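Heads up, start.txt below (compact mmCIF, C-alpha atoms and all ligand atoms):
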```
# COMPACT_ATOMS: atom_id res chain seq x y z
CA MET A 265 13.80 -18.39 -166.13
CA GLU A 266 16.76 -19.31 -163.90
CA ASN A 267 15.52 -16.76 -161.40
CA LEU A 268 12.13 -18.50 -161.30
CA PHE A 269 13.84 -21.85 -160.59
CA THR A 270 15.88 -20.52 -157.67
CA LYS A 271 12.75 -18.92 -156.22
CA GLU A 272 10.88 -22.22 -156.56
CA ASN A 273 13.81 -24.00 -154.92
CA GLN A 274 13.77 -21.52 -152.09
CA VAL A 275 10.03 -22.11 -151.53
CA ILE A 276 10.54 -25.88 -151.62
CA THR A 277 13.41 -25.60 -149.11
CA ILE A 278 11.32 -23.41 -146.82
CA VAL A 279 8.38 -25.83 -147.04
CA LEU A 280 10.71 -28.77 -146.41
CA ILE A 281 12.28 -27.05 -143.41
CA GLY A 282 8.79 -26.19 -142.15
CA VAL A 283 7.64 -29.79 -142.52
CA LEU A 284 10.83 -31.00 -140.85
CA LEU A 285 10.33 -28.56 -137.99
CA LEU A 286 6.73 -29.66 -137.61
CA LEU A 287 7.85 -33.28 -137.59
CA LEU A 288 10.51 -32.50 -135.01
CA MET A 289 7.96 -30.66 -132.88
CA GLY A 290 5.55 -33.58 -133.19
CA LEU A 291 8.31 -35.98 -132.22
CA ALA A 292 9.27 -33.80 -129.25
CA LEU A 293 5.63 -33.64 -128.19
CA LEU A 294 5.32 -37.41 -128.51
CA LEU A 295 8.51 -37.89 -126.50
CA PHE A 296 7.31 -35.45 -123.85
CA PHE A 297 3.94 -37.18 -123.67
CA PHE A 298 5.59 -40.60 -123.47
CA LEU A 299 8.05 -39.55 -120.75
CA SER A 300 5.46 -37.78 -118.62
CA ARG A 301 3.11 -40.77 -118.96
CA LYS A 302 5.97 -43.03 -117.86
CA LYS A 303 6.56 -40.78 -114.85
CA ILE A 304 2.87 -40.82 -113.94
CA ILE A 305 2.75 -44.62 -114.22
CA GLN A 306 5.92 -44.90 -112.13
CA LYS A 307 4.39 -42.66 -109.45
CA GLU A 308 1.16 -44.67 -109.48
CA LEU A 309 3.17 -47.88 -109.15
CA GLN A 310 5.12 -46.40 -106.24
CA LYS A 311 1.83 -45.39 -104.58
CA LYS A 312 0.37 -48.86 -105.10
CA ASN A 313 3.55 -50.47 -103.75
CA LEU A 314 3.35 -48.28 -100.67
CA ALA A 315 -0.29 -49.24 -100.14
CA ILE A 316 0.55 -52.95 -100.61
CA ASN A 317 3.45 -52.69 -98.15
CA HIS A 318 1.20 -50.96 -95.67
CA GLN A 319 -1.41 -53.69 -96.03
CA LYS A 320 1.29 -56.34 -95.62
CA GLU A 321 2.42 -54.63 -92.40
CA MET A 322 -1.15 -54.59 -91.10
CA ILE A 323 -1.68 -58.27 -91.93
CA GLN A 324 1.66 -59.07 -90.31
CA SER A 325 0.63 -57.24 -87.13
CA ILE A 326 -2.71 -59.10 -87.06
CA ILE A 327 -0.89 -62.44 -87.40
CA VAL A 328 1.66 -61.57 -84.70
CA THR A 329 -1.13 -60.46 -82.37
CA GLN A 330 -3.06 -63.66 -82.99
CA GLU A 331 0.03 -65.72 -82.24
CA LYS A 332 0.63 -63.71 -79.06
CA GLU A 333 -3.00 -64.26 -78.05
CA ARG A 334 -2.73 -68.00 -78.72
CA LYS A 335 0.42 -68.19 -76.63
CA ARG A 336 -1.28 -66.31 -73.81
CA ILE A 337 -4.37 -68.56 -73.95
CA ALA A 338 -2.16 -71.67 -74.04
CA GLN A 339 -0.26 -70.37 -71.01
CA ASP A 340 -3.50 -69.55 -69.16
CA LEU A 341 -4.88 -73.01 -69.94
CA HIS A 342 -1.65 -74.67 -68.88
CA ASP A 343 -1.03 -72.68 -65.70
CA ASP A 344 -4.56 -72.00 -64.53
CA ILE A 345 -6.64 -74.92 -65.73
CA SER A 346 -4.32 -77.93 -66.21
CA ALA A 347 -2.39 -77.32 -62.99
CA LYS A 348 -5.60 -77.16 -60.94
CA LEU A 349 -7.13 -80.17 -62.69
CA ASN A 350 -3.97 -82.08 -61.71
CA VAL A 351 -4.56 -81.18 -58.07
CA ILE A 352 -8.17 -82.37 -58.35
CA ASN A 353 -7.05 -85.58 -60.05
CA LEU A 354 -4.45 -86.38 -57.37
CA ASN A 355 -6.89 -85.73 -54.55
CA ALA A 356 -9.67 -87.70 -56.23
CA ASN A 357 -7.27 -90.66 -56.49
CA LEU A 358 -6.55 -90.40 -52.77
CA LEU A 359 -10.28 -90.60 -52.13
CA LYS A 360 -10.56 -93.59 -54.46
CA ASP A 361 -7.82 -95.50 -52.60
CA GLY A 362 -9.99 -95.18 -49.50
CA ASN A 363 -7.17 -95.54 -46.88
CA LEU A 364 -7.84 -92.15 -45.35
CA LYS A 365 -8.59 -91.22 -41.79
CA PRO A 366 -11.79 -89.13 -41.37
CA GLU A 367 -9.84 -85.86 -40.82
CA GLU A 368 -7.67 -86.58 -43.89
CA TYR A 369 -10.81 -87.31 -45.86
CA THR A 370 -12.18 -83.84 -44.98
CA LEU A 371 -8.86 -82.21 -45.95
CA VAL A 372 -8.75 -83.95 -49.34
CA ASN A 373 -12.40 -83.17 -49.98
CA ASP A 374 -11.84 -79.49 -49.16
CA ALA A 375 -8.80 -79.39 -51.47
CA ILE A 376 -10.91 -80.77 -54.31
CA LEU A 377 -13.70 -78.25 -53.74
CA LYS A 378 -11.23 -75.37 -53.53
CA ALA A 379 -9.39 -76.42 -56.69
CA THR A 380 -12.71 -76.89 -58.54
CA ASP A 381 -13.83 -73.38 -57.57
CA LYS A 382 -10.54 -71.91 -58.74
CA THR A 383 -10.67 -73.84 -62.01
CA LEU A 384 -14.19 -72.58 -62.69
CA GLU A 385 -13.11 -69.03 -61.94
CA SER A 386 -10.10 -69.36 -64.25
CA ALA A 387 -12.22 -70.81 -67.06
CA ARG A 388 -14.66 -67.92 -66.63
CA LYS A 389 -11.80 -65.39 -66.83
CA ILE A 390 -10.32 -66.97 -69.95
CA ALA A 391 -13.71 -67.06 -71.69
CA HIS A 392 -14.40 -63.48 -70.54
CA ASN A 393 -11.12 -62.36 -72.09
CA LEU A 394 -11.92 -64.07 -75.37
CA LEU A 395 -15.34 -62.52 -75.69
CA PRO A 396 -16.71 -60.32 -72.91
CA PRO A 397 -20.20 -61.74 -72.24
CA ILE A 398 -21.62 -58.28 -71.52
CA LEU A 399 -20.74 -57.21 -75.06
CA ASP A 400 -22.56 -60.21 -76.47
CA LYS A 401 -25.59 -59.90 -74.19
CA PHE A 402 -26.06 -56.15 -73.77
CA GLY A 403 -23.96 -54.41 -76.41
CA LEU A 404 -21.14 -51.92 -76.79
CA LYS A 405 -22.36 -49.13 -74.48
CA GLU A 406 -22.71 -51.43 -71.48
CA ALA A 407 -19.43 -53.23 -72.24
CA ILE A 408 -17.44 -49.97 -72.41
CA GLU A 409 -19.15 -48.73 -69.22
CA GLU A 410 -18.25 -51.95 -67.40
CA LEU A 411 -14.66 -51.81 -68.65
CA ALA A 412 -14.26 -48.15 -67.67
CA ASP A 413 -15.85 -48.69 -64.25
CA SER A 414 -13.63 -51.68 -63.51
CA PHE A 415 -10.54 -49.53 -64.21
CA SER A 416 -11.95 -46.62 -62.18
CA ASN A 417 -12.73 -48.96 -59.27
CA SER A 418 -9.20 -50.32 -59.33
CA ARG A 419 -8.02 -46.70 -58.89
CA LYS A 420 -5.42 -47.05 -61.63
CA ILE A 421 -7.15 -44.35 -63.66
CA ALA A 422 -10.51 -42.56 -63.47
CA ILE A 423 -12.42 -42.97 -66.71
CA ASP A 424 -15.37 -40.78 -67.70
CA TYR A 425 -17.64 -41.64 -70.55
CA ASN A 426 -20.29 -40.02 -72.64
CA LEU A 427 -21.76 -42.71 -74.85
CA GLU A 428 -24.61 -41.61 -77.07
CA TYR A 429 -24.70 -44.97 -78.74
CA PRO A 430 -28.01 -46.28 -80.11
CA LYS A 431 -28.35 -50.02 -79.55
CA GLU A 432 -27.02 -52.14 -82.40
CA PHE A 433 -25.87 -49.08 -84.36
CA LEU A 434 -22.83 -51.18 -85.25
CA SER A 435 -22.84 -54.87 -86.10
CA LYS A 436 -21.58 -57.30 -83.44
CA ALA A 437 -18.29 -57.69 -85.31
CA LYS A 438 -17.77 -53.94 -85.43
CA GLU A 439 -18.76 -53.51 -81.79
CA LEU A 440 -16.05 -56.01 -80.88
CA HIS A 441 -13.47 -54.08 -82.94
CA LEU A 442 -14.34 -50.80 -81.23
CA PHE A 443 -14.34 -52.48 -77.81
CA ARG A 444 -10.83 -53.91 -78.42
CA ILE A 445 -9.68 -50.44 -79.48
CA VAL A 446 -10.98 -48.97 -76.22
CA GLN A 447 -9.24 -51.74 -74.24
CA GLU A 448 -5.91 -51.02 -75.95
CA LEU A 449 -6.29 -47.25 -75.48
CA ILE A 450 -7.01 -47.58 -71.76
CA ASN A 451 -4.11 -50.02 -71.30
CA ASN A 452 -1.78 -47.57 -73.06
CA SER A 453 -2.99 -44.65 -70.92
CA VAL A 454 -2.19 -46.64 -67.78
CA ARG A 455 1.04 -48.30 -68.98
CA HIS A 456 2.68 -45.49 -70.92
CA GLY A 457 0.79 -42.30 -70.19
CA LYS A 458 0.57 -42.78 -66.41
CA ALA A 459 -2.66 -40.84 -66.89
CA LYS A 460 -4.91 -40.01 -63.95
CA ASN A 461 -7.98 -39.41 -66.12
CA SER A 462 -9.32 -40.34 -69.49
CA VAL A 463 -12.58 -39.82 -71.36
CA VAL A 464 -14.39 -42.00 -73.89
CA ASN A 465 -16.89 -40.25 -76.16
CA ILE A 466 -19.29 -41.65 -78.72
CA VAL A 467 -21.80 -39.63 -80.73
CA THR A 468 -23.72 -40.64 -83.81
CA LYS A 469 -24.68 -38.16 -86.48
CA ASN A 470 -26.68 -39.04 -89.57
CA LYS A 471 -25.25 -42.40 -90.57
CA ASN A 472 -21.80 -41.85 -89.04
CA LEU A 473 -20.31 -42.55 -85.63
CA LEU A 474 -17.72 -40.27 -84.07
CA PHE A 475 -15.53 -41.83 -81.41
CA SER A 476 -12.92 -40.01 -79.38
CA TYR A 477 -10.65 -40.94 -76.51
CA THR A 478 -8.40 -38.58 -74.55
CA ASP A 479 -6.09 -39.00 -71.58
CA ASN A 480 -4.18 -36.49 -69.46
CA GLY A 481 -0.97 -38.53 -69.29
CA VAL A 482 2.58 -37.77 -70.35
CA GLY A 483 1.85 -38.14 -74.08
CA PHE A 484 4.53 -38.89 -76.65
CA ASP A 485 6.13 -37.56 -79.80
CA ILE A 486 4.25 -39.23 -82.68
CA ASP A 487 7.13 -38.71 -85.13
CA ASP A 488 9.66 -40.40 -82.86
CA THR A 489 10.15 -43.88 -84.36
CA LYS A 490 10.80 -45.49 -80.99
CA HIS A 491 7.05 -45.18 -80.33
CA GLN A 492 6.18 -47.09 -83.48
CA LYS A 493 7.40 -50.50 -82.33
CA GLY A 494 4.30 -51.69 -80.52
CA LEU A 495 1.53 -53.76 -81.98
CA GLY A 496 -1.25 -51.96 -80.15
CA MET A 497 -1.41 -48.87 -82.35
CA LYS A 498 -0.94 -50.95 -85.50
CA ASN A 499 -3.88 -53.10 -84.46
CA ILE A 500 -5.95 -50.00 -83.84
CA GLU A 501 -5.10 -48.93 -87.39
CA SER A 502 -6.10 -52.34 -88.79
CA ARG A 503 -9.34 -52.33 -86.84
CA ALA A 504 -10.04 -48.75 -87.96
CA ALA A 505 -9.63 -49.94 -91.56
CA LEU A 506 -12.05 -52.84 -90.90
CA LEU A 507 -14.46 -50.33 -89.36
CA ASN A 508 -14.14 -48.20 -92.50
CA ALA A 509 -13.07 -45.33 -90.24
CA ASN A 510 -10.84 -42.30 -90.67
CA PHE A 511 -8.66 -41.91 -87.63
CA LEU A 512 -6.39 -39.27 -86.23
CA VAL A 513 -3.95 -39.53 -83.33
CA GLU A 514 -2.79 -36.36 -81.64
CA SER A 515 -0.17 -36.32 -78.95
CA GLN A 516 2.90 -34.39 -77.94
CA LYS A 517 5.21 -34.82 -75.01
CA ASN A 518 3.46 -33.73 -71.81
CA THR A 519 0.16 -32.85 -73.48
CA GLY A 520 -1.69 -36.13 -73.11
CA PHE A 521 -3.08 -38.30 -75.84
CA GLU A 522 -6.08 -38.00 -78.13
CA ILE A 523 -7.51 -40.20 -80.84
CA THR A 524 -10.60 -39.67 -82.97
CA LEU A 525 -12.26 -42.19 -85.22
CA ASN A 526 -14.96 -41.31 -87.69
CA ILE A 527 -16.80 -44.46 -88.68
CA ILE A 528 -18.48 -43.74 -91.96
CA ASN A 529 -21.86 -45.28 -92.72
CA PRO A 530 -21.26 -48.48 -90.72
CA LEU A 531 -24.51 -50.11 -91.79
CA LYS A 532 -23.34 -50.37 -95.38
CA ASN A 533 -22.41 -53.95 -96.39
CA GLU A 534 -23.13 -55.22 -92.91
CA HIS A 535 -22.75 -58.80 -91.66
CA ASN A 536 -24.10 -59.09 -88.16
CA LYS A 537 -21.66 -61.69 -86.89
CA TYR A 538 -18.57 -61.72 -84.73
CA CYS A 539 -15.54 -62.30 -86.89
CA ASN A 540 -12.60 -64.25 -85.52
CA CYS A 541 -10.13 -61.40 -86.03
CA ARG A 542 -9.26 -60.59 -82.44
N1 LIG A 601 -1.71 -42.94 -74.06
C1 LIG A 601 -0.39 -42.93 -74.27
N2 LIG A 601 0.40 -42.11 -73.53
C2 LIG A 601 1.74 -42.08 -73.72
N3 LIG A 601 2.39 -42.81 -74.64
C3 LIG A 601 1.66 -43.65 -75.41
C4 LIG A 601 0.24 -43.75 -75.28
N4 LIG A 601 -0.21 -44.63 -76.17
C5 LIG A 601 0.86 -45.07 -76.83
N5 LIG A 601 2.00 -44.49 -76.38
C6 LIG A 601 3.37 -44.68 -76.91
O1 LIG A 601 3.27 -45.30 -78.18
C7 LIG A 601 3.98 -46.53 -78.17
C8 LIG A 601 3.27 -47.51 -79.05
O2 LIG A 601 2.08 -47.98 -78.43
P1 LIG A 601 1.54 -49.42 -78.80
O3 LIG A 601 0.26 -49.63 -78.09
O4 LIG A 601 1.55 -49.52 -80.28
O5 LIG A 601 2.66 -50.39 -78.27
P2 LIG A 601 2.96 -50.91 -76.79
O6 LIG A 601 1.83 -50.52 -75.88
O7 LIG A 601 4.34 -50.42 -76.42
O8 LIG A 601 3.02 -52.47 -76.97
P3 LIG A 601 1.77 -53.46 -77.18
O9 LIG A 601 0.53 -52.63 -77.33
O10 LIG A 601 2.11 -54.19 -78.44
O11 LIG A 601 1.74 -54.31 -75.96
C9 LIG A 601 4.11 -46.92 -76.72
O12 LIG A 601 5.23 -47.71 -76.48
C10 LIG A 601 4.21 -45.57 -76.03
O13 LIG A 601 5.56 -45.10 -76.11
MG MG A 602 -0.14 -50.92 -76.34
```
Would you encode the structure as structure tokens?
Amino acid sequence: MENLFTKENQVITIVLIGVLLLLLMGLALLLFFFLSRKKIIQKELQKKNLAINHQKEMIQSIIVTQEKERKRIAQDLHDDISAKLNVINLNANLLKDGNLKPEEYTLVNDAILKATDKTLESARKIAHNLLPPILDKFGLKEAIEELADSFSNSRKIAIDYNLEYPKEFLSKAKELHLFRIVQELINNSVRHGKAKNSVVNIVTKNKNLLFSYTDNGVGFDIDDTKHQKGLGMKNIESRAALLNANFLVESQKNTGFEITLNIINPLKNEHNKYCNCR
């Protein structure tokens, strides 16, 4: 009888230990699940924070560029327009006073005409800079061709282009973004790359547009942080995001510069208006 009791006790102990072990295993599994979940959430948070910081940087660069643009426009207006209008005003007052000899009258009149011509030319240049009329009237292909030809004619750099761009493939707003990107790329090739040649390519395939730009200048080391100070490349990145484009920059010291942008299905969610994000 006693033997039976001890055997029963042994079974109960084994069952209890088994249950305890199972409980412990369950607890360990729960703990493992909880900790790994926490890690995943932490990683996701880190990723989101990185994306938010990146977006903040892009917004910051857009704001700084806008401020720079405003300053430049204010300077242009002050130096080119106001200064010349002052000359016109002074000379017009001389005419009004009427105490001029005939030869002085001719001189003052000529000064007014000259200053008026210059003011008109300045106003045209400022407006042209804000929104190139050719882009508005004829579209992206013609605007890039004109830009490239004007650089080639100035002999700073020879620019070739191969633009298989169907009219109005992009909205006006997107055409302006791509045009500003081309402007920045050409300026960089001249300023930094000291390139003799560059090429602009556009092809459209299915619903996508593939853009590439290469120069044969000195290039630069992409990983070197000293090349990450400028606003130009950051703006290109922001505009690429607005164009819903993947982009890739390839450059090494002494191998020139290359950028490709793949604009994916640009007609999706389209608003055919210029936006004011210059
Ligand atoms: N085509 C290029 N050839 C050689 N170096 C380049 C080229 N494009 C860019 N870089 C390098 O990358 C840096 C960053 O260019 P980014 O356009 O962002 O700035 P930036 O031209 O110096 O200034 P910003 O565009 O704001 O006036 C440049 O300073 C230059 O060192
Ligand atoms: Mg630049």
Specify the axis-aligned box that encloses all atoms of segment 470-487 of chain A listed in the file after padding of 6 Å on each side, stating its centre and edge lengths in Å to one decimal as JSON.
```
{"center_x": -9.8, "center_y": -39.5, "center_z": -79.9, "size_x": 45.8, "size_y": 18.1, "size_z": 33.3}
```
Could you check which of A:Leu341, A:Leu359, A:Val464, A:Val279 is closest to Asp424 of chain A, using all atoms listed in the file?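 Residue with the minimum atom-to-atom distance to Asp424 of chain A: A:Val464.
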Could I get the residues of chain A with an atom no further than 10 Å from an atom of ligand LIG 601 (chain A), each paired with its nearest atom pair and that distance in Å to one decimal, using only C-alpha atoms and all ligand atoms, sorted by chain and residue number, as CSV?
```
residue,atom,partner,partner_atom,distance
A:Ser325,CA,A:LIG601,O10,9.3
A:Val328,CA,A:LIG601,O10,9.7
A:Thr329,CA,A:LIG601,O10,8.1
A:Lys332,CA,A:LIG601,O10,9.7
A:Glu448,CA,A:LIG601,O3,6.7
A:Leu449,CA,A:LIG601,N1,6.4
A:Ile450,CA,A:LIG601,N1,7.4
A:Asn451,CA,A:LIG601,O6,7.5
A:Asn452,CA,A:LIG601,N4,4.6
A:Ser453,CA,A:LIG601,N1,3.8
A:Val454,CA,A:LIG601,N1,7.3
A:Arg455,CA,A:LIG601,O6,7.3
A:His456,CA,A:LIG601,C2,4.5
A:Gly457,CA,A:LIG601,N2,3.4
A:Lys458,CA,A:LIG601,N2,7.2
A:Ala459,CA,A:LIG601,N2,7.4
A:Ser462,CA,A:LIG601,N1,9.2
A:Tyr477,CA,A:LIG601,N1,9.5
A:Thr478,CA,A:LIG601,N1,8.0
A:Asp479,CA,A:LIG601,N1,6.4
A:Asn480,CA,A:LIG601,N1,8.3
A:Gly481,CA,A:LIG601,N2,5.7
A:Val482,CA,A:LIG601,C2,5.5
A:Gly483,CA,A:LIG601,C2,4.0
A:Phe484,CA,A:LIG601,N3,4.9
A:Asp485,CA,A:LIG601,C6,8.2
A:Ile486,CA,A:LIG601,O1,7.6
A:Asp488,CA,A:LIG601,O13,9.2
A:Thr489,CA,A:LIG601,C7,9.1
A:Lys490,CA,A:LIG601,O13,7.2
A:His491,CA,A:LIG601,C7,4.0
A:Gln492,CA,A:LIG601,C8,5.3
A:Lys493,CA,A:LIG601,C8,6.1
A:Gly494,CA,A:LIG601,O5,3.1
A:Leu495,CA,A:LIG601,O10,3.6
A:Gly496,CA,A:LIG601,O9,3.4
A:Met497,CA,A:LIG601,O4,3.7
A:Lys498,CA,A:LIG601,O4,6.0
A:Asn499,CA,A:LIG601,O4,7.7
A:Ile500,CA,A:LIG601,O4,8.3
A:Glu501,CA,A:LIG601,O4,9.8
A:Val513,CA,A:LIG601,N4,9.6
A:Ser515,CA,A:LIG601,N2,8.0
A:Gln516,CA,A:LIG601,C2,8.8
A:Lys517,CA,A:LIG601,C2,8.1
A:Asn518,CA,A:LIG601,C2,8.7
A:Thr519,CA,A:LIG601,N2,9.3
A:Gly520,CA,A:LIG601,N2,6.3
A:Phe521,CA,A:LIG601,N1,5.2
A:Glu522,CA,A:LIG601,N1,7.8
A:Ile523,CA,A:LIG601,N1,9.3
```
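The smallest atom-to-atom distance between Lys469 of chain A and any of A:Ile527, A:Ala407, A:Val372, A:Ile352, using all atoms listed in the file, is found for A:Ile527.
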From the list A:Ala437, A:Ile345, A:Val446, A:Ile398, which residue is nearest ligand MG 602 (chain A) when using all atoms listed in the file?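 Residue with the minimum atom-to-atom distance to ligand MG 602 (chain A): A:Val446.
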Restricting the calculation to only C-alpha atoms, which member of A:Asp413, A:Glu432, A:Phe443, A:Ser502 is positioned closest to Glu321 of chain A?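 So, comparing all the options, the nearest one is A:Ser502.
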Closest to Asn508 of chain A among A:Lys438, A:Lys460, A:Asn465, A:Asn350, using only C-alpha atoms? A:Lys438
Interatomic distance, atom CA of Ile528 of chain A to atom CA of Ala509 of chain A (Å, one decimal):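 Those two atoms sit 5.9 Å apart.
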In Å, with one decimal, what is the gap from atom CA of His342 of chain A to atom CA of Leu411 of chain A?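 Atom CA of His342 of chain A sits 26.3 Å away from atom CA of Leu411 of chain A.
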May I have the protein, DNA and RNA residues with any atom at most 10 Å from the point (-2.9, -87.3, -51.9), counting all atoms listed in the file, written as JSON, numbers by chain? {"A": [351, 352, 353, 354, 355, 356, 357, 358, 359, 361, 364, 368, 369, 371, 372, 375]}
Kindly give the distance, in Å, that separates atom CA of Thr524 of chain A and atom CA of Glu409 of chain A, rounded to a single decimal.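 Spanning atom CA of Thr524 of chain A to atom CA of Glu409 of chain A is a straight-line distance of 18.6 Å.
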Using all atoms listed in the file, the shortest atom-to-atom distance to ligand MG 602 (chain A) among A:Val283, A:Gln447, A:Phe511, A:Leu314 belongs to A:Gln447
If you count all atoms listed in the file, which residues fall within 12 Å of segment 385-390 of chain A, apart from same-chain ones fewer than 4 positions away, as a PyMOL selection string? chain A and resi 333-334+336-349+378-381+394-397
